[in-house]
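Student: This is the content of my_file12.cif (mmCIF, C-alpha atoms):
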```
data_input
#
loop_
_atom_site.label_atom_id
_atom_site.label_comp_id
_atom_site.auth_asym_id
_atom_site.auth_seq_id
_atom_site.Cartn_x
_atom_site.Cartn_y
_atom_site.Cartn_z
CA MET A 1 -18.52 -3.31 34.28
CA ILE A 2 -20.83 -1.99 37.04
CA PRO A 3 -19.17 -1.53 40.45
CA ASP A 4 -20.43 -3.55 43.40
CA PHE A 5 -21.10 -0.49 45.58
CA THR A 6 -24.11 0.82 47.43
CA PRO A 7 -25.92 2.91 44.78
CA MET A 8 -26.49 6.65 45.08
CA LYS A 9 -28.54 9.13 43.17
CA ALA A 10 -25.94 10.57 40.79
CA SER A 11 -22.39 10.09 39.57
CA ILE A 12 -20.78 13.21 38.09
CA VAL A 13 -18.11 12.33 35.52
CA ILE A 14 -15.66 15.12 34.70
CA ARG A 15 -13.10 14.83 31.92
CA THR A 16 -9.92 16.79 32.61
CA LYS A 17 -6.62 17.67 31.00
CA ASN A 18 -4.77 20.80 32.12
CA GLU A 19 -7.86 22.47 33.61
CA GLU A 20 -6.14 24.39 36.44
CA LYS A 21 -7.70 27.67 35.30
CA ARG A 22 -11.30 26.69 36.11
CA ILE A 23 -11.40 23.30 37.83
CA GLY A 24 -11.31 24.87 41.29
CA ASP A 25 -14.39 26.96 40.47
CA VAL A 26 -16.14 23.86 39.07
CA LEU A 27 -15.49 21.84 42.21
CA ASN A 28 -16.37 24.70 44.56
CA SER A 29 -19.72 24.90 42.81
CA LEU A 30 -20.24 21.16 43.33
CA VAL A 31 -19.41 21.46 47.05
CA GLU A 32 -22.17 24.07 47.34
CA GLN A 33 -24.89 22.06 45.58
CA THR A 34 -28.14 21.65 47.52
CA GLU A 35 -28.39 18.06 46.19
CA LYS A 36 -25.72 16.18 48.14
CA ASP A 37 -26.36 12.57 47.09
CA PHE A 38 -23.67 12.29 44.44
CA GLU A 39 -20.15 11.07 43.85
CA LEU A 40 -17.52 12.67 41.65
CA ILE A 41 -15.46 10.69 39.15
CA ILE A 42 -12.51 12.43 37.50
CA VAL A 43 -11.16 10.97 34.25
CA ASP A 44 -7.84 12.72 33.64
CA SER A 45 -5.97 12.20 30.39
CA GLY A 46 -2.48 13.39 31.23
CA SER A 47 -2.63 16.74 33.00
CA THR A 48 0.80 18.34 33.42
CA ASP A 49 -0.28 21.50 35.23
CA ARG A 50 -1.83 21.85 38.71
CA THR A 51 -5.15 20.22 37.77
CA LEU A 52 -4.68 17.06 39.85
CA PRO A 53 -3.31 18.76 43.00
CA ILE A 54 -6.26 21.17 42.89
CA ILE A 55 -8.70 18.26 42.56
CA GLU A 56 -7.00 16.32 45.36
CA SER A 57 -7.43 19.32 47.68
CA PHE A 58 -11.20 18.61 47.57
CA ASN A 59 -10.85 15.07 48.93
CA GLN A 60 -12.37 16.07 52.27
CA SER A 61 -15.23 18.02 50.71
CA LEU A 62 -16.43 15.64 48.00
CA ASP A 63 -16.92 11.90 47.51
CA LEU A 64 -14.16 11.89 44.96
CA ARG A 65 -12.26 9.33 42.91
CA ILE A 66 -9.59 10.07 40.31
CA PHE A 67 -8.82 7.79 37.38
CA LYS A 68 -6.06 8.34 34.84
CA ILE A 69 -5.98 7.37 31.19
CA ALA A 70 -3.16 7.86 28.71
CA SER A 71 -3.38 10.96 26.52
CA ASN A 72 -3.26 8.90 23.34
CA ASP A 73 -6.17 6.77 24.60
CA PHE A 74 -8.44 9.79 24.99
CA THR A 75 -11.53 10.24 22.92
CA TYR A 76 -14.74 11.88 24.15
CA PRO A 77 -16.84 8.68 24.12
CA PHE A 78 -14.06 6.53 25.56
CA ALA A 79 -13.55 8.91 28.50
CA CYS A 80 -17.31 9.08 29.15
CA ASN A 81 -17.73 5.31 29.00
CA PHE A 82 -14.64 4.83 31.17
CA GLY A 83 -16.13 7.05 33.88
CA ALA A 84 -19.60 5.53 33.54
CA GLU A 85 -18.23 2.01 34.00
CA ARG A 86 -16.89 3.05 37.40
CA ALA A 87 -20.02 4.89 38.51
CA ARG A 88 -22.54 3.76 41.12
CA GLY A 89 -25.20 6.43 40.66
CA ASP A 90 -28.64 5.88 39.19
CA TYR A 91 -27.97 8.88 36.95
CA LEU A 92 -24.79 9.70 35.03
CA VAL A 93 -23.93 13.39 34.93
CA PHE A 94 -21.32 14.49 32.39
CA LEU A 95 -19.55 17.78 32.90
CA SER A 96 -16.61 19.39 31.12
CA GLY A 97 -13.62 20.28 33.29
CA HIS A 98 -14.25 23.96 32.59
CA SER A 99 -18.06 24.02 32.80
CA ILE A 100 -19.13 25.84 35.96
CA PRO A 101 -22.66 25.11 37.24
CA ARG A 102 -24.72 28.30 37.31
CA ASN A 103 -26.10 27.98 40.83
CA LYS A 104 -26.49 25.78 43.90
CA ASP A 105 -29.63 24.09 42.56
CA TRP A 106 -28.03 23.04 39.26
CA LEU A 107 -27.90 19.31 40.03
CA LYS A 108 -31.24 19.25 41.84
CA ASN A 109 -32.94 20.96 38.87
CA GLY A 110 -31.47 18.52 36.37
CA LEU A 111 -32.45 15.45 38.36
CA LEU A 112 -36.00 16.73 38.95
CA ASP A 113 -36.64 16.58 35.20
CA PHE A 114 -36.59 12.78 35.35
CA THR A 115 -39.50 12.76 37.81
CA GLN A 116 -41.86 14.55 35.41
CA LYS A 117 -42.34 11.69 32.95
CA ASN A 118 -41.20 8.09 32.79
CA ASN A 119 -39.85 8.35 29.25
CA ILE A 120 -37.05 10.88 29.82
CA ALA A 121 -33.74 9.41 28.64
CA GLY A 122 -31.57 12.47 29.12
CA VAL A 123 -31.39 16.12 30.14
CA TYR A 124 -29.00 18.83 29.11
CA GLY A 125 -28.70 22.50 29.95
CA THR A 126 -28.19 25.93 28.47
CA VAL A 127 -24.58 27.04 27.94
CA LEU A 128 -23.80 30.56 29.10
CA PRO A 129 -20.61 32.59 28.51
CA SER A 130 -17.90 32.43 31.14
CA LYS A 131 -16.67 35.71 32.60
CA ASP A 132 -13.57 35.54 30.40
CA ALA A 133 -15.47 34.72 27.19
CA THR A 134 -14.64 36.64 24.02
CA LEU A 135 -17.09 39.24 22.69
CA LEU A 136 -18.03 36.77 19.94
CA GLU A 137 -18.85 34.09 22.52
CA TRP A 138 -20.93 36.58 24.49
CA PHE A 139 -22.85 37.41 21.31
CA TYR A 140 -23.40 33.71 20.60
CA TYR A 141 -24.31 32.55 24.12
CA VAL A 142 -25.99 35.58 25.67
CA PRO A 143 -29.49 34.62 24.35
CA GLY A 144 -29.26 31.74 26.83
CA PHE A 145 -29.89 34.24 29.63
CA LEU A 146 -33.36 34.74 28.13
CA GLU A 147 -34.27 31.05 28.17
CA PHE A 148 -36.58 30.20 31.05
CA ARG A 149 -38.74 27.24 30.04
CA LYS A 150 -37.61 23.66 29.67
CA LYS A 151 -38.58 21.93 26.45
CA ILE A 152 -38.48 18.62 24.65
CA ALA A 153 -35.53 18.90 22.28
CA ASN A 154 -36.09 15.77 20.18
CA LYS A 155 -35.90 17.68 16.87
CA LYS A 156 -32.67 19.50 17.64
CA ARG A 157 -29.69 18.48 15.52
CA MET A 158 -26.43 20.11 16.60
CA GLY A 159 -25.78 20.21 20.33
CA ILE A 160 -28.51 17.85 21.48
CA LEU A 161 -27.67 16.30 24.86
CA GLY A 162 -24.20 17.89 24.73
CA ASN A 163 -21.84 16.40 27.29
CA THR A 164 -20.67 19.87 28.24
CA ASN A 165 -23.40 19.37 30.85
CA SER A 166 -25.83 16.49 30.60
CA ILE A 167 -27.54 13.76 32.62
CA ILE A 168 -28.59 10.35 31.36
CA ARG A 169 -30.14 7.31 33.03
CA ARG A 170 -27.51 4.73 33.88
CA ASP A 171 -29.85 1.83 33.16
CA LEU A 172 -30.24 3.11 29.60
CA TRP A 173 -26.49 3.65 29.26
CA CYS A 174 -26.05 -0.01 30.24
CA ASP A 175 -28.29 -0.92 27.29
CA HIS A 176 -26.43 1.36 24.87
CA HIS A 177 -23.00 2.78 25.68
CA TYR A 178 -21.63 5.84 23.93
CA ASP A 179 -20.55 4.86 20.43
CA GLU A 180 -16.75 5.01 20.46
CA SER A 181 -16.52 5.38 16.70
CA TYR A 182 -17.36 9.07 17.34
CA LYS A 183 -13.82 9.76 18.44
CA ASP A 184 -13.92 13.53 17.88
CA GLY A 185 -17.31 14.01 19.56
CA GLY A 186 -20.94 13.51 18.65
CA GLU A 187 -21.40 10.42 20.80
CA ASP A 188 -23.91 12.40 22.87
CA GLY A 189 -26.10 13.16 19.85
CA GLU A 190 -25.92 9.57 18.62
CA TRP A 191 -26.96 8.32 22.07
CA ALA A 192 -29.84 10.79 22.17
CA TYR A 193 -31.26 9.73 18.82
CA PHE A 194 -30.83 6.04 19.59
CA PHE A 195 -33.32 6.48 22.43
CA ILE A 196 -35.52 9.08 20.70
CA ASN A 197 -36.14 6.39 18.08
CA LYS A 198 -37.25 4.08 20.88
CA GLY A 199 -39.86 6.56 22.13
CA TYR A 200 -37.87 8.42 24.80
CA ASN A 201 -37.55 12.18 25.18
CA ILE A 202 -34.57 14.49 25.59
CA ILE A 203 -35.12 17.61 27.69
CA LYS A 204 -33.29 20.93 27.45
CA ASP A 205 -33.57 22.72 30.81
CA PRO A 206 -32.34 26.32 31.25
CA GLN A 207 -32.26 25.72 35.01
CA PHE A 208 -29.49 23.16 34.40
CA ALA A 209 -27.17 25.78 32.92
CA VAL A 210 -23.39 26.12 33.07
CA TYR A 211 -20.86 28.83 32.29
CA HIS A 212 -18.58 27.53 29.54
CA SER A 213 -16.30 29.21 27.01
CA HIS A 214 -13.21 28.43 24.96
CA GLY A 215 -11.93 31.92 24.13
CA TYR A 216 -12.77 31.50 20.44
CA TRP A 217 -12.82 34.27 17.87
CA ILE A 218 -14.12 34.10 14.29
CA LYS A 219 -11.66 31.61 12.77
CA ASP A 220 -11.97 29.13 15.64
CA THR A 221 -15.74 29.53 15.77
CA ILE A 222 -16.12 28.77 12.05
CA ARG A 223 -13.82 25.75 12.35
CA GLN A 224 -15.78 24.48 15.38
CA TYR A 225 -19.13 24.97 13.62
CA ARG A 226 -17.99 23.05 10.55
CA HIS A 227 -16.65 20.25 12.73
CA TRP A 228 -19.84 19.84 14.77
CA LYS A 229 -22.01 20.07 11.66
CA LYS A 230 -20.00 17.23 10.10
CA VAL A 231 -20.32 15.20 13.31
CA ALA A 232 -24.07 15.83 13.54
CA ASN A 233 -24.58 14.79 9.92
CA LYS A 234 -23.13 11.39 10.82
CA PHE A 235 -25.90 10.48 13.26
CA ILE A 236 -28.53 12.39 11.26
CA ASN A 237 -27.80 10.10 8.32
CA LYS A 238 -27.54 7.03 10.56
CA TYR A 239 -31.02 7.55 11.97
CA LYS A 240 -32.47 9.08 8.78
CA ILE A 241 -33.57 12.23 10.60
CA ASP A 242 -35.66 14.58 8.44
#
```
Written as structure tokens, how would this file's structure read?

Tutor:
Amino acid sequence: MIPDFTPMKASIVIRTKNEEKRIGDVLNSLVEQTEKDFELIIVDSGSTDRTLPIIESFNQSLDLRIFKIASNDFTYPFACNFGAERARGDYLVFLSGHSIPRNKDWLKNGLLDFTQKNNIAGVYGTVLPSKDATLLEWFYYVPGFLEFRKKIANKKRMGILGNTNSIIRRDLWCDHHYDESYKDGGEDGEWAYFFINKGYNIIKDPQFAVYHSHGYWIKDTIRQYRHWKKVANKFINKYKID
């Protein structure tokens, strides 16, 4: 379903559930973006804290629409497809409810990447530690502060086109939606390799960075790594990636 609305440059889709801690900072950053031609689509899956009242307080500052889905209906690809179906932008921007854009040019920088070549399917950015990240997360993410050059990331396995912060072309999404069999995540990597195999490129751009942390220590980090490795192996095997 594609809405019958006047199109705009970008639709930012944010998935939320109990994000009161950071959602205000996320939305304040979007208000301050130098690129103003965008709408904001919230897909909330059952917040019980102050997430929705905080979002609603930005109604006058942002072109904002809120959609609710049941908690037991939530999966990462379903929520992304649900938001994309209601979007009117030429580009679909996916942002976690606790991913804070690094600066005012975040959106402009990400969209500019699509003007460089005609075969760019998607762009994603560096993840930097939030101010309340654990020491382990700082150790893991701090090298991102030393990344300056954008690069083609077609050979990356884990984390490629991560929907923590990514942009894809809506026309390509219409051809191939996120695969909803990837219920626990990995739909972004599957989508990336679907189009890499068709001759498109995926760009990683450090100028499209966000601050994002979970507060993980060693046990959680190991569990997360094993999970994402298992997820990545699914599309690696599907597309027979060397």

Student: May I ask for the distance between CA of Phe195 in chain A and CA of Phe78 in chain A, given in Å to one decimal place?

Tutor: 19.5 Å

Student: Determine, counting all atoms listed in the file, which protein, DNA and RNA residues have an atom within 7 Å of an atom of Tyr76 in chain A; residues of the same chain fewer than 5 positions away are not included. Present the result as a list in words.

Tutor: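 Once the adjacent positions are removed, what remains is Lys183, Asp184 and Gly185 of chain A.
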
Student: I need the residues from that last selection saved to file as an mmCIF file, keeping the file's coordinate frame (with C-alpha atoms), if you can.

Tutor:
```
data_model
loop_
_atom_site.group_PDB
_atom_site.id
_atom_site.type_symbol
_atom_site.label_atom_id
_atom_site.label_comp_id
_atom_site.auth_asym_id
_atom_site.auth_seq_id
_atom_site.Cartn_x
_atom_site.Cartn_y
_atom_site.Cartn_z
ATOM 1 C CA LYS A 183 -13.820 9.760 18.440
ATOM 2 C CA ASP A 184 -13.920 13.530 17.880
ATOM 3 C CA GLY A 185 -17.310 14.010 19.560
#
```

Student: Give as number ranges by chain the residues that the PyMOL selection byres ((chain A and resi 38) around 7) matches when applied to the coordinates above.

Tutor: A: 8-11, 36-37, 39-40

Student: Give me the result of the PyMOL selection byres ((chain A and resi 197) around 12) on this file, residue by residue, as a PyMOL selection string.

Tutor: chain A and resi 119+121+154-155+190-196+198-202+236+238-241

Student: I'd like to know which of A:Phe235, A:Tyr182, A:Phe139, A:Tyr91 is closest to Lys108 in chain A, using all atoms listed in the file.

Tutor: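 That would be A:Tyr91, the residue with the smallest distance to Lys108 in chain A.
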
Student: With only C-alpha atoms as the basis for distance, which of A:Lys68, A:Arg88, A:Arg157, A:Arg149 is at the shortest distance from Asn233 in chain A?

Tutor: A:Arg157

Student: What is the distance between CA of Ile66 in chain A and CA of Pro101 in chain A, in Å to one decimal?

Tutor: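 One can read the CA of Ile66 in chain A to CA of Pro101 in chain A distance as 20.2 Å.
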
Student: Could you tell me how far CA of Arg15 in chain A sits from CA of Leu135 in chain A, in Å to one decimal place?

Tutor: 26.4 Å

Student: Show me the residues around (-23.4, 28.5, 40.9) - criterion: an atom at most 10 Å away, all atoms listed in the file counted - as a list of chain:residue names.

Tutor: A:Asp25, A:Val26, A:Asn28, A:Ser29, A:Leu30, A:Glu32, A:Gln33, A:Ile100, A:Pro101, A:Arg102, A:Asn103, A:Lys104, A:Asp105, A:Trp106, A:Ala209, A:Val210, A:Tyr211

Student: Selection in question (the file shown): the PyMOL selection byres ((chain A and resi 51-57) around 9). Which residues does it include, as a PyMOL selection string?

Tutor: chain A and resi 16-21+23-24+27+42+44+47-50+58-61+64+66

Student: Could you save those same residues with C-alpha atoms as a PDB file, in the frame of the given file?

Tutor:
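Wrote it out as again.pdb, contents follow:
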```pdb
ATOM      1  CA  THR A  16      -9.920  16.790  32.610  1.00  0.00           C
ATOM      2  CA  LYS A  17      -6.620  17.670  31.000  1.00  0.00           C
ATOM      3  CA  ASN A  18      -4.770  20.800  32.120  1.00  0.00           C
ATOM      4  CA  GLU A  19      -7.860  22.470  33.610  1.00  0.00           C
ATOM      5  CA  GLU A  20      -6.140  24.390  36.440  1.00  0.00           C
ATOM      6  CA  LYS A  21      -7.700  27.670  35.300  1.00  0.00           C
ATOM      7  CA  ILE A  23     -11.400  23.300  37.830  1.00  0.00           C
ATOM      8  CA  GLY A  24     -11.310  24.870  41.290  1.00  0.00           C
ATOM      9  CA  LEU A  27     -15.490  21.840  42.210  1.00  0.00           C
ATOM     10  CA  ILE A  42     -12.510  12.430  37.500  1.00  0.00           C
ATOM     11  CA  ASP A  44      -7.840  12.720  33.640  1.00  0.00           C
ATOM     12  CA  SER A  47      -2.630  16.740  33.000  1.00  0.00           C
ATOM     13  CA  THR A  48       0.800  18.340  33.420  1.00  0.00           C
ATOM     14  CA  ASP A  49      -0.280  21.500  35.230  1.00  0.00           C
ATOM     15  CA  ARG A  50      -1.830  21.850  38.710  1.00  0.00           C
ATOM     16  CA  PHE A  58     -11.200  18.610  47.570  1.00  0.00           C
ATOM     17  CA  ASN A  59     -10.850  15.070  48.930  1.00  0.00           C
ATOM     18  CA  GLN A  60     -12.370  16.070  52.270  1.00  0.00           C
ATOM     19  CA  SER A  61     -15.230  18.020  50.710  1.00  0.00           C
ATOM     20  CA  LEU A  64     -14.160  11.890  44.960  1.00  0.00           C
ATOM     21  CA  ILE A  66      -9.590  10.070  40.310  1.00  0.00           C
TER      22      ILE A  66
END
```

Student: Could you produce a table of the residues of range 40-104 of chain A lying within 10 Å of range 162-179 of chain A, with the nearest pair of atoms per residue and their separation in Å rounded to one decimal, using all atoms listed in the file, ordered by chain and increasing residue number, as CSV?

Tutor:
```
residue,atom,partner,partner_atom,distance
A:Tyr76,CA,A:Asn163,CA,9.0
A:Pro77,CA,A:Tyr178,CA,5.6
A:Phe78,CA,A:Tyr178,CA,7.8
A:Ala79,CA,A:Tyr178,CA,9.8
A:Cys80,CA,A:Tyr178,CA,7.5
A:Asn81,CA,A:Tyr178,CA,6.4
A:Ala84,CA,A:Arg170,CA,8.0
A:Glu85,CA,A:Cys174,CA,8.9
A:Ala87,CA,A:Arg170,CA,8.8
A:Arg88,CA,A:Arg170,CA,8.8
A:Gly89,CA,A:Arg170,CA,7.4
A:Asp90,CA,A:Arg170,CA,5.5
A:Tyr91,CA,A:Arg169,CA,4.7
A:Leu92,CA,A:Ile168,CA,5.3
A:Val93,CA,A:Ile167,CA,4.3
A:Phe94,CA,A:Ser166,CA,5.2
A:Leu95,CA,A:Asn165,CA,4.6
A:Ser96,CA,A:Thr164,CA,5.0
A:Gly97,CA,A:Thr164,CA,8.7
A:His98,CA,A:Thr164,CA,8.8
A:Ser99,CA,A:Thr164,CA,6.7
A:Ile100,CA,A:Asn165,CA,9.3
A:Pro101,CA,A:Asn165,CA,8.6
```

Student: From the list A:Asp205, A:Asp220, A:Glu180, A:Asp132, which residue is nearest Asp113 in chain A when using only C-alpha atoms?

Tutor: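 Distance minimum relative to Asp113 in chain A lands on A:Asp205.
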
Student: Every residue with an atom at most 8 Å from (-28.7, 26.4, 31.3) (file coordinates; only C-alpha atoms) is what I'm after, so could you write them as a VMD selection string?

Tutor: chain A and resid 102 124 to 128 144 147 205 to 210

Student: Using only C-alpha atoms, can you tell me which of A:Lys204, A:Lys219, A:Arg65, A:His212 comes closest to Gly83 in chain A?

Tutor: A:Arg65

Student: Measuring atom to atom with all atoms listed in the file, identify which of A:Gly159, A:Gly110, A:Gly186, A:Pro129 is nearest to Glu35 in chain A.

Tutor: A:Gly110
